[in-house]
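*Asks:* Would you mind keeping the following structure in view while I ask a few things?
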Amino acid sequence: MKFVTVIVLVVQFFLPTRSIGQSATIASEKRAQLQTAISRFMAADSIPGVSVAVVENGAEDWSAGFGTADFENLVPATSRTLYRLGSISKSITATAAMLLWQQGKLDLDAPVQKYCSSFPAKDDPITTRELLGHLGGIRHYKGGSQDDPEIGNTKHFLNPIQGGLDFFKGDPLVAKPGTEFHYSTQGFTLVGCAIEGASGQNYAEYVRNNVLTPAGMTHTVVDDRFAIIPFRTRFYSKDKSGAITNADFLDSSYKIPGGGWLSSADDMAQFEVAMLSDRIVARSTRDLMWTPLKPTDGKEDPYALGWGTGKDLGVLDVGHGGGQQGTSTFFMIVPERRAGVVVLINLDGADASDLATTLMKIVLASSPTPAK
């Protein structure tokens with residue numbers, strides 16, 4: 001029986017599985033190149049499961065799942081499998097904040113207390129713009145291991161934004177706002193509070209109604225450990241010997257804006273399509289959101305407003321990565337080529353950005369530049 005199980009897992013490990021009803025218009029040669037790259041990546045790093053999607057010419061062209069979403073129940077990964085997004089959540093939150101700015105409801109340069117009165121004033125004012133660019137001086141986690149009560153949080157918060165604020169609201173700033181880049185998931189909880197104050201709605205409700213639904217992200221939900229969520233993957237890690245184990249426990253209810261959403265490759269591809277087609281925010285708003293900020297310390301800073309930027313491919317790319325217990329994620333868009341890639345992995349510590357970059361190179365190499 002053990003031998004049969006191993007054979008089943010090996011077969012599932014390398015064969016792609018497709019979501020019912022998801023069409024593929026990508027050229028067969030390109031699809032073969034993508035599948036080969038994914039299989040090599042999985043074999044080299046012992047990846048349990050990965051789901052990917054490709055956007056070309058502003059539309060989702062292909063998506064697939066490889067390997068296993070749940071070893072214990074032999075469930076294959078598909079393009080509809082839901083993964084923890086980790087810090088990709090920041091790009092979704094930033095898009096919601098920028099929509100409120102576009103509507104004149106959120107002043108990016110006003111002190112954040114204008115919208116979040118429960119956050120105490122500090123020695124220097126902090127703005128939403130600075131928070132979106134990690135220039136607000138808000139600390140990140142206190143430690144770097146599961147022993148940190150924030151990283152390994154086990155408490156479930158019924159009031160997620162306030163619960164998250166309570167972790168850090170009384171702490172001193174790590175730098176004067178605007179002066180230095182200090183990556184901070186906690187800072188995005190404060191952005192979530194500003195979204196609630198500016199919109200008059202619950203953060204998750206506002207995001208769902210104004211970002212997820214317009215984008216067609218029908219399966220993207222908050223990572224609620226008590227909820228029954230169809231297609232949610234199990235979360236894996238590796239022990240010191242390299243064997244696959246269940247990941248450490250996490251209740252992410254305290255950091256939903258910065259790292260608490262679940263989504264699928266198909267849904268994230270729809271997010272990319274919506275951004276490329278200006279379906280959520282106007283082009284001018286999008287361009288502002290994708291423009292890196294300039295900290296006053298003069299150091300180079302490629303981070304924009306909730307989105308990372310780069311030019312390693314020879315053309316501007318934007319996107320974000322994520323990593324937490326049981327997940328490694330990356331998505332990227334090349335606006336000039338109207339192309340995008342999504343990589344979601346149910347293992348922490350995997351290099352999702354490396355695979356995403358490899359896949360994007362394949363996409364760009366054989367795709368004509370769209371007419372402007």
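Quick note on naming: the chains in the structure tokens go A, B, ... in the order shown, residues restart at 1 in each chain, and ligands are numbered from 1 in order of appearance.
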List every residue of region 220-257 of chain A that DSSP, applied to the backbone of this structure, assigns to strand (DSSP E), and report them as a list in words.
*Replies:*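 Across region 220-257 of chain A, those assigned strand (DSSP E) are Val221, Val222, Tyr236, Ser237, Lys238, Ile244, Thr245 and Asn246 of chain A.
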*Asks:* For region 213-245 of chain A against region 348-362 of chain A, with a cut-off of 12 Å and counting only C-alpha atoms, what is the closest atom pair and its distance in Å to one decimal for every residue that makes the cut, ordered by chain and number, as a Markdown table?
*Replies:*
```
| residue | atom | partner | partner_atom | distance |
| --- | --- | --- | --- | --- |
| A:Arg234 | CA | A:Asp348 | CA | 11.6 |
| A:Phe235 | CA | A:Asp348 | CA | 8.1 |
| A:Tyr236 | CA | A:Asp348 | CA | 6.7 |
| A:Ser237 | CA | A:Asp348 | CA | 5.5 |
| A:Lys238 | CA | A:Asp348 | CA | 8.1 |
| A:Asp239 | CA | A:Asp348 | CA | 11.2 |
| A:Gly242 | CA | A:Gly349 | CA | 11.7 |
| A:Ile244 | CA | A:Asp348 | CA | 10.5 |
| A:Thr245 | CA | A:Asp348 | CA | 10.7 |
```
*Asks:* Please write the residues from the selection above to a file, keeping C-alpha atoms, as a PDB file, in the first residue's frame.
*Replies:*
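Once everything was written out, this is selection.pdb:
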```
ATOM      1  CA  ARG A 234      -2.558  22.456   3.312  1.00  0.00           C
ATOM      2  CA  PHE A 235       0.567  24.318   4.341  1.00  0.00           C
ATOM      3  CA  TYR A 236       3.977  22.643   4.324  1.00  0.00           C
ATOM      4  CA  SER A 237       7.506  23.176   5.540  1.00  0.00           C
ATOM      5  CA  LYS A 238      10.735  21.156   5.605  1.00  0.00           C
ATOM      6  CA  ASP A 239      12.516  19.796   8.640  1.00  0.00           C
ATOM      7  CA  GLY A 242      14.703  18.139   4.148  1.00  0.00           C
ATOM      8  CA  ILE A 244       8.199  17.631   4.059  1.00  0.00           C
ATOM      9  CA  THR A 245       6.217  18.367   7.227  1.00  0.00           C
TER      10      THR A 245
END
```
*Asks:* Give me the residues of region 165-204 of chain A that have any atom at most 12 Å from an atom of region 258-280 of chain A; for each, the nearest atom pair and the distance in Å, rounded to one decimal. Use only C-alpha atoms, sort by chain and number, and format it as CSV.
*Replies:*
```
residue,atom,partner,partner_atom,distance
A:Tyr183,CA,A:Gly258,CA,10.8
A:Ser184,CA,A:Gly258,CA,8.4
A:Thr185,CA,A:Gly258,CA,5.0
A:Gln186,CA,A:Gly258,CA,7.1
A:Gly187,CA,A:Gly258,CA,7.9
A:Phe188,CA,A:Gly258,CA,5.1
A:Thr189,CA,A:Gly258,CA,6.4
A:Leu190,CA,A:Gly258,CA,9.5
A:Val191,CA,A:Gly258,CA,8.9
A:Gly192,CA,A:Gly258,CA,8.5
A:Cys193,CA,A:Gly258,CA,11.7
A:Tyr203,CA,A:Gly258,CA,11.9
A:Ala204,CA,A:Trp261,CA,9.5
```
*Asks:* Write out, as a CSV table (one decimal), in the first residue's frame, the residues just selected, with C-alpha atoms.
*Replies:*
```
chain,number,residue,atom,x,y,z
A,183,TYR,CA,9.7,47.0,5.5
A,184,SER,CA,6.7,46.7,7.8
A,185,THR,CA,3.8,44.3,7.6
A,186,GLN,CA,2.5,46.1,10.8
A,187,GLY,CA,2.4,49.3,8.9
A,188,PHE,CA,-0.1,47.9,6.5
A,189,THR,CA,-2.5,47.1,9.4
A,190,LEU,CA,-2.4,50.9,9.9
A,191,VAL,CA,-3.3,51.3,6.2
A,192,GLY,CA,-6.2,49.0,6.7
A,193,CYS,CA,-7.4,51.1,9.6
A,203,TYR,CA,-11.6,46.7,5.7
A,204,ALA,CA,-12.3,43.2,4.3
```
*Asks:* Nearest to Val54 (chain A) among A:Arg40, A:Phe181, A:Leu74, A:Met332, with distances taken over only C-alpha atoms: which residue is it?
*Replies:*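 Nearest candidate to Val54 (chain A) out of A:Arg40, A:Phe181, A:Leu74, A:Met332: A:Met332.
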*Asks:* Assign secondary structure with DSSP using the backbone only, and return the residues of region 245-317 of chain A in alpha helix (DSSP H) as a ChimeraX atom specification.
*Replies:* /A:256-259,265-276,283-289
*Asks:* Tell me, counting only C-alpha atoms, for each residue of region 291-368 of chain A within 10 Å of region 76-82 of chain A, which pair of atoms is nearest and how far apart they are in Å to one decimal, in rows ordered by chain and increasing number, as CSV.
*Replies:*
```
residue,atom,partner,partner_atom,distance
A:Leu344,CA,A:Leu82,CA,8.7
A:Ile345,CA,A:Ala77,CA,9.7
A:Asn346,CA,A:Leu82,CA,9.3
```
*Asks:* How many Å separate CA of Thr128 (chain A) from CA of Leu108 (chain A)?
*Replies:*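 These two atoms are separated by 5.0 Å.
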*Asks:* Find the residues near Gly86 (chain A): any atom within 6 Å, counting only C-alpha atoms, skip ones fewer than 5 places away on the same chain, and give them as a list in words.
*Replies:*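 Contacts, with the query itself left out: Gly259, Gly322, Gly323 and Gln324 of chain A.
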*Asks:* If you keep C-alpha atoms, can you produce a file of those selected residues as a compact mmCIF listing (two decimals), in the first residue's frame?
*Replies:*
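Result file follows (out_19.txt):
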```txt
# COMPACT_ATOMS: atom_id res chain seq x y z
CA GLY A 259 -0.45 39.23 4.87
CA GLY A 322 5.11 36.76 -0.07
CA GLY A 323 6.25 34.20 2.44
CA GLN A 324 4.90 32.87 5.72
```
*Asks:* Which residues of region 182-266 of chain A come within 12 Å of region 281-293 of chain A, and for each one, what is the closest pair of atoms and their distance in Å to one decimal, counting only C-alpha atoms, sorted by chain and residue number, as CSV?
*Replies:*
```
residue,atom,partner,partner_atom,distance
A:Asn210,CA,A:Val281,CA,9.8
A:Val211,CA,A:Val281,CA,9.0
A:Pro214,CA,A:Val281,CA,10.2
A:Ala215,CA,A:Val281,CA,10.6
```
*Asks:* Can you pull out the residues contacting Glu196 (chain A)? Cut-off 12 Å, using only C-alpha atoms, and skip same-chain residues under 4 positions away; I want them as a JSON list (two decimals) with all heavy atoms, in the first residue's frame.
*Replies:*
```json
[["chain", "number", "residue", "atom", "x", "y", "z"],
["A", 93, "THR", "N", -4.21, 45.58, -0.81],
["A", 93, "THR", "CA", -4.56, 46.66, 0.12],
["A", 93, "THR", "C", -4.21, 48.02, -0.46],
["A", 93, "THR", "O", -5.00, 48.98, -0.36],
["A", 93, "THR", "CB", -3.82, 46.45, 1.45],
["A", 93, "THR", "OG1", -4.29, 45.24, 2.06],
["A", 93, "THR", "CG2", -4.06, 47.62, 2.41],
["A", 96, "ALA", "N", -6.75, 49.16, -2.95],
["A", 96, "ALA", "CA", -7.96, 49.66, -2.29],
["A", 96, "ALA", "C", -7.75, 51.09, -1.76],
["A", 96, "ALA", "O", -8.61, 51.96, -1.90],
["A", 96, "ALA", "CB", -8.34, 48.73, -1.13],
["A", 97, "ALA", "N", -6.58, 51.34, -1.17],
["A", 97, "ALA", "CA", -6.29, 52.68, -0.65],
["A", 97, "ALA", "C", -6.21, 53.70, -1.77],
["A", 97, "ALA", "O", -6.72, 54.82, -1.64],
["A", 97, "ALA", "CB", -4.97, 52.65, 0.13],
["A", 100, "LEU", "N", -9.61, 54.79, -2.98],
["A", 100, "LEU", "CA", -10.19, 55.81, -2.10],
["A", 100, "LEU", "C", -9.55, 57.17, -2.35],
["A", 100, "LEU", "O", -10.23, 58.20, -2.31],
["A", 100, "LEU", "CB", -9.99, 55.40, -0.64],
["A", 100, "LEU", "CG", -10.90, 54.26, -0.13],
["A", 100, "LEU", "CD1", -10.40, 53.72, 1.20],
["A", 100, "LEU", "CD2", -12.33, 54.76, 0.01],
["A", 105, "LYS", "N", -11.60, 60.44, -1.13],
["A", 105, "LYS", "CA", -12.00, 60.09, 0.23],
["A", 105, "LYS", "C", -10.81, 59.88, 1.16],
["A", 105, "LYS", "O", -10.99, 59.83, 2.38],
["A", 105, "LYS", "CB", -12.85, 58.81, 0.21],
["A", 105, "LYS", "CG", -14.15, 58.95, -0.56],
["A", 105, "LYS", "CD", -14.92, 57.64, -0.57],
["A", 105, "LYS", "CE", -16.24, 57.76, -1.34],
["A", 105, "LYS", "NZ", -16.97, 56.46, -1.37],
["A", 106, "LEU", "N", -9.62, 59.74, 0.61],
["A", 106, "LEU", "CA", -8.44, 59.47, 1.41],
["A", 106, "LEU", "C", -7.30, 60.39, 0.97],
["A", 106, "LEU", "O", -6.84, 60.31, -0.17],
["A", 106, "LEU", "CB", -8.01, 58.01, 1.27],
["A", 106, "LEU", "CG", -6.70, 57.57, 1.96],
["A", 106, "LEU", "CD1", -6.82, 57.77, 3.47],
["A", 106, "LEU", "CD2", -6.38, 56.12, 1.64],
["A", 112, "VAL", "N", -2.20, 60.04, 9.52],
["A", 112, "VAL", "CA", -3.05, 58.85, 9.44],
["A", 112, "VAL", "C", -4.15, 58.87, 10.49],
["A", 112, "VAL", "O", -5.21, 58.24, 10.32],
["A", 112, "VAL", "CB", -2.17, 57.58, 9.56],
["A", 112, "VAL", "CG1", -1.63, 57.43, 10.98],
["A", 112, "VAL", "CG2", -2.94, 56.34, 9.14],
["A", 113, "GLN", "N", -3.95, 59.62, 11.58],
["A", 113, "GLN", "CA", -4.98, 59.70, 12.63],
["A", 113, "GLN", "C", -6.27, 60.34, 12.14],
["A", 113, "GLN", "O", -7.32, 60.20, 12.78],
["A", 113, "GLN", "CB", -4.45, 60.46, 13.84],
["A", 113, "GLN", "CG", -3.42, 59.72, 14.66],
["A", 113, "GLN", "CD", -2.01, 59.83, 14.08],
["A", 113, "GLN", "OE1", -1.80, 60.54, 13.10],
["A", 113, "GLN", "NE2", -1.06, 59.13, 14.67],
["A", 114, "LYS", "N", -6.21, 61.05, 11.00],
["A", 114, "LYS", "CA", -7.44, 61.61, 10.42],
["A", 114, "LYS", "C", -8.43, 60.50, 10.11],
["A", 114, "LYS", "O", -9.65, 60.71, 10.15],
["A", 114, "LYS", "CB", -7.10, 62.39, 9.15],
["A", 114, "LYS", "CG", -8.30, 62.99, 8.44],
["A", 114, "LYS", "CD", -7.89, 63.81, 7.22],
["A", 114, "LYS", "CE", -9.11, 64.41, 6.51],
["A", 114, "LYS", "NZ", -8.71, 65.22, 5.32],
["A", 115, "TYR", "N", -7.94, 59.32, 9.79],
["A", 115, "TYR", "CA", -8.78, 58.18, 9.42],
["A", 115, "TYR", "C", -8.71, 57.05, 10.44],
["A", 115, "TYR", "O", -9.57, 56.18, 10.45],
["A", 115, "TYR", "CB", -8.36, 57.66, 8.05],
["A", 115, "TYR", "CG", -8.30, 58.74, 7.01],
["A", 115, "TYR", "CD1", -7.08, 59.28, 6.60],
["A", 115, "TYR", "CD2", -9.47, 59.28, 6.46],
["A", 115, "TYR", "CE1", -7.02, 60.29, 5.65],
["A", 115, "TYR", "CE2", -9.42, 60.30, 5.52],
["A", 115, "TYR", "CZ", -8.19, 60.80, 5.12],
["A", 115, "TYR", "OH", -8.14, 61.82, 4.20],
["A", 116, "CYS", "N", -7.67, 57.05, 11.26],
["A", 116, "CYS", "CA", -7.48, 55.97, 12.24],
["A", 116, "CYS", "C", -7.21, 56.60, 13.60],
["A", 116, "CYS", "O", -6.06, 56.72, 14.03],
["A", 116, "CYS", "CB", -6.32, 55.06, 11.81],
["A", 116, "CYS", "SG", -6.06, 53.66, 12.93],
["A", 117, "SER", "N", -8.27, 56.99, 14.28],
["A", 117, "SER", "CA", -8.13, 57.70, 15.56],
["A", 117, "SER", "C", -7.61, 56.81, 16.68],
["A", 117, "SER", "O", -7.13, 57.31, 17.70],
["A", 117, "SER", "CB", -9.48, 58.30, 15.96],
["A", 117, "SER", "OG", -10.46, 57.27, 16.10],
["A", 118, "SER", "N", -7.68, 55.48, 16.49],
["A", 118, "SER", "CA", -7.22, 54.58, 17.56],
["A", 118, "SER", "C", -5.71, 54.41, 17.57],
["A", 118, "SER", "O", -5.17, 53.77, 18.48],
["A", 118, "SER", "CB", -7.89, 53.20, 17.40],
["A", 118, "SER", "OG", -7.59, 52.63, 16.15],
["A", 160, "PRO", "N", -10.09, 42.36, 13.59],
["A", 160, "PRO", "CA", -8.71, 42.16, 13.12],
["A", 160, "PRO", "C", -7.86, 43.41, 13.10],
["A", 160, "PRO", "O", -6.68, 43.36, 13.49],
["A", 160, "PRO", "CB", -8.91, 41.61, 11.70],
["A", 160, "PRO", "CG", -10.29, 41.04, 11.69],
["A", 160, "PRO", "CD", -11.08, 41.92, 12.59],
["A", 161, "ILE", "N", -8.41, 44.53, 12.64],
["A", 161, "ILE", "CA", -7.60, 45.74, 12.53],
["A", 161, "ILE", "C", -7.16, 46.22, 13.91],
["A", 161, "ILE", "O", -5.98, 46.48, 14.15],
["A", 161, "ILE", "CB", -8.37, 46.84, 11.79],
["A", 161, "ILE", "CG1", -8.69, 46.40, 10.35],
["A", 161, "ILE", "CG2", -7.56, 48.13, 11.79],
["A", 161, "ILE", "CD1", -7.48, 46.15, 9.49],
["A", 162, "GLN", "N", -8.09, 46.32, 14.85],
["A", 162, "GLN", "CA", -7.72, 46.78, 16.18],
["A", 162, "GLN", "C", -6.81, 45.78, 16.87],
["A", 162, "GLN", "O", -5.85, 46.16, 17.56],
["A", 162, "GLN", "CB", -8.98, 47.01, 17.04],
["A", 162, "GLN", "CG", -8.70, 47.69, 18.37],
["A", 162, "GLN", "CD", -8.02, 49.04, 18.20],
["A", 162, "GLN", "OE1", -8.50, 49.89, 17.47],
["A", 162, "GLN", "NE2", -6.89, 49.23, 18.89],
["A", 189, "THR", "N", -1.29, 47.16, 8.50],
["A", 189, "THR", "CA", -2.47, 47.10, 9.37],
["A", 189, "THR", "C", -2.98, 48.51, 9.60],
["A", 189, "THR", "O", -4.20, 48.76, 9.61],
["A", 189, "THR", "CB", -2.12, 46.44, 10.71],
["A", 189, "THR", "OG1", -1.70, 45.09, 10.48],
["A", 189, "THR", "CG2", -3.31, 46.45, 11.65],
["A", 190, "LEU", "N", -2.06, 49.45, 9.75],
["A", 190, "LEU", "CA", -2.44, 50.85, 9.92],
["A", 190, "LEU", "C", -3.08, 51.40, 8.64],
["A", 190, "LEU", "O", -4.03, 52.19, 8.71],
["A", 190, "LEU", "CB", -1.21, 51.67, 10.30],
["A", 190, "LEU", "CG", -1.42, 53.12, 10.77],
["A", 190, "LEU", "CD1", -2.53, 53.24, 11.78],
["A", 190, "LEU", "CD2", -0.11, 53.68, 11.33],
["A", 191, "VAL", "N", -2.60, 50.97, 7.48],
["A", 191, "VAL", "CA", -3.25, 51.33, 6.21],
["A", 191, "VAL", "C", -4.67, 50.78, 6.20],
["A", 191, "VAL", "O", -5.62, 51.46, 5.78],
["A", 191, "VAL", "CB", -2.46, 50.80, 5.01],
["A", 191, "VAL", "CG1", -3.24, 51.06, 3.71],
["A", 191, "VAL", "CG2", -1.09, 51.46, 4.92],
["A", 192, "GLY", "N", -4.84, 49.54, 6.67],
["A", 192, "GLY", "CA", -6.18, 48.95, 6.73],
["A", 192, "GLY", "C", -7.11, 49.76, 7.61],
["A", 192, "GLY", "O", -8.30, 49.93, 7.30],
["A", 200, "GLY", "N", -15.66, 54.15, 5.68],
["A", 200, "GLY", "CA", -16.79, 53.91, 6.56],
["A", 200, "GLY", "C", -17.24, 52.46, 6.55],
["A", 200, "GLY", "O", -18.34, 52.14, 6.99],
["A", 201, "GLN", "N", -16.37, 51.56, 6.04],
["A", 201, "GLN", "CA", -16.71, 50.14, 5.96],
["A", 201, "GLN", "C", -15.62, 49.30, 6.62],
["A", 201, "GLN", "O", -14.49, 49.74, 6.79],
["A", 201, "GLN", "CB", -16.83, 49.72, 4.49],
["A", 201, "GLN", "CG", -17.92, 50.41, 3.70],
["A", 201, "GLN", "CD", -17.98, 49.93, 2.27],
["A", 201, "GLN", "OE1", -17.88, 48.73, 1.99],
["A", 201, "GLN", "NE2", -18.11, 50.86, 1.33],
["A", 202, "ASN", "N", -15.98, 48.08, 6.95],
["A", 202, "ASN", "CA", -15.03, 47.09, 7.38],
["A", 202, "ASN", "C", -13.98, 46.90, 6.29],
["A", 202, "ASN", "O", -14.31, 46.86, 5.10],
["A", 202, "ASN", "CB", -15.77, 45.79, 7.67],
["A", 202, "ASN", "CG", -14.87, 44.61, 7.88],
["A", 202, "ASN", "OD1", -14.44, 43.97, 6.92],
["A", 202, "ASN", "ND2", -14.58, 44.32, 9.13],
["A", 203, "TYR", "N", -12.71, 46.77, 6.69],
["A", 203, "TYR", "CA", -11.62, 46.66, 5.70],
["A", 203, "TYR", "C", -11.87, 45.54, 4.69],
["A", 203, "TYR", "O", -11.83, 45.77, 3.47],
["A", 203, "TYR", "CB", -10.28, 46.43, 6.41],
["A", 203, "TYR", "CG", -9.23, 45.85, 5.49],
["A", 203, "TYR", "CD1", -8.52, 46.64, 4.61],
["A", 203, "TYR", "CD2", -8.98, 44.47, 5.49],
["A", 203, "TYR", "CE1", -7.58, 46.10, 3.75],
["A", 203, "TYR", "CE2", -8.04, 43.92, 4.64],
["A", 203, "TYR", "CZ", -7.35, 44.74, 3.77],
["A", 203, "TYR", "OH", -6.42, 44.19, 2.89],
["A", 204, "ALA", "N", -12.10, 44.33, 5.16],
["A", 204, "ALA", "CA", -12.27, 43.19, 4.26],
["A", 204, "ALA", "C", -13.49, 43.37, 3.36],
["A", 204, "ALA", "O", -13.46, 43.01, 2.18],
["A", 204, "ALA", "CB", -12.38, 41.89, 5.06],
["A", 205, "GLU", "N", -14.54, 43.94, 3.90],
["A", 205, "GLU", "CA", -15.75, 44.18, 3.11],
["A", 205, "GLU", "C", -15.47, 45.19, 2.00],
["A", 205, "GLU", "O", -15.89, 45.00, 0.86],
["A", 205, "GLU", "CB", -16.86, 44.69, 4.02],
["A", 205, "GLU", "CG", -18.17, 45.02, 3.29],
["A", 205, "GLU", "CD", -19.21, 45.60, 4.23],
["A", 205, "GLU", "OE1", -19.01, 45.54, 5.46],
["A", 205, "GLU", "OE2", -20.22, 46.14, 3.73],
["A", 206, "TYR", "N", -14.75, 46.26, 2.34],
["A", 206, "TYR", "CA", -14.45, 47.26, 1.32],
["A", 206, "TYR", "C", -13.59, 46.66, 0.21],
["A", 206, "TYR", "O", -13.84, 46.89, -0.98],
["A", 206, "TYR", "CB", -13.73, 48.46, 1.93],
["A", 206, "TYR", "CG", -13.43, 49.51, 0.89],
["A", 206, "TYR", "CD1", -14.41, 50.42, 0.49],
["A", 206, "TYR", "CD2", -12.19, 49.55, 0.26],
["A", 206, "TYR", "CE1", -14.15, 51.35, -0.51],
["A", 206, "TYR", "CE2", -11.92, 50.48, -0.74],
["A", 206, "TYR", "CZ", -12.90, 51.37, -1.12],
["A", 206, "TYR", "OH", -12.65, 52.28, -2.12],
["A", 207, "VAL", "N", -12.56, 45.91, 0.59],
["A", 207, "VAL", "CA", -11.69, 45.30, -0.42],
["A", 207, "VAL", "C", -12.47, 44.33, -1.30],
["A", 207, "VAL", "O", -12.32, 44.32, -2.53],
["A", 207, "VAL", "CB", -10.51, 44.58, 0.27],
["A", 207, "VAL", "CG1", -9.72, 43.75, -0.74],
["A", 207, "VAL", "CG2", -9.60, 45.59, 0.94],
["A", 257, "PRO", "N", -4.42, 43.01, 6.16],
["A", 257, "PRO", "CA", -4.02, 43.92, 5.08],
["A", 257, "PRO", "C", -2.60, 43.69, 4.56],
["A", 257, "PRO", "O", -2.33, 43.93, 3.38],
["A", 257, "PRO", "CB", -4.12, 45.31, 5.74],
["A", 257, "PRO", "CG", -5.10, 45.13, 6.86],
["A", 257, "PRO", "CD", -4.81, 43.76, 7.38]]
```
*Asks:* Hey, can you check how far CA of Phe249 (chain A) sits from CA of Thr154 (chain A)?
*Replies:*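 Going from CA of Phe249 (chain A) over to CA of Thr154 (chain A) covers 7.1 Å.
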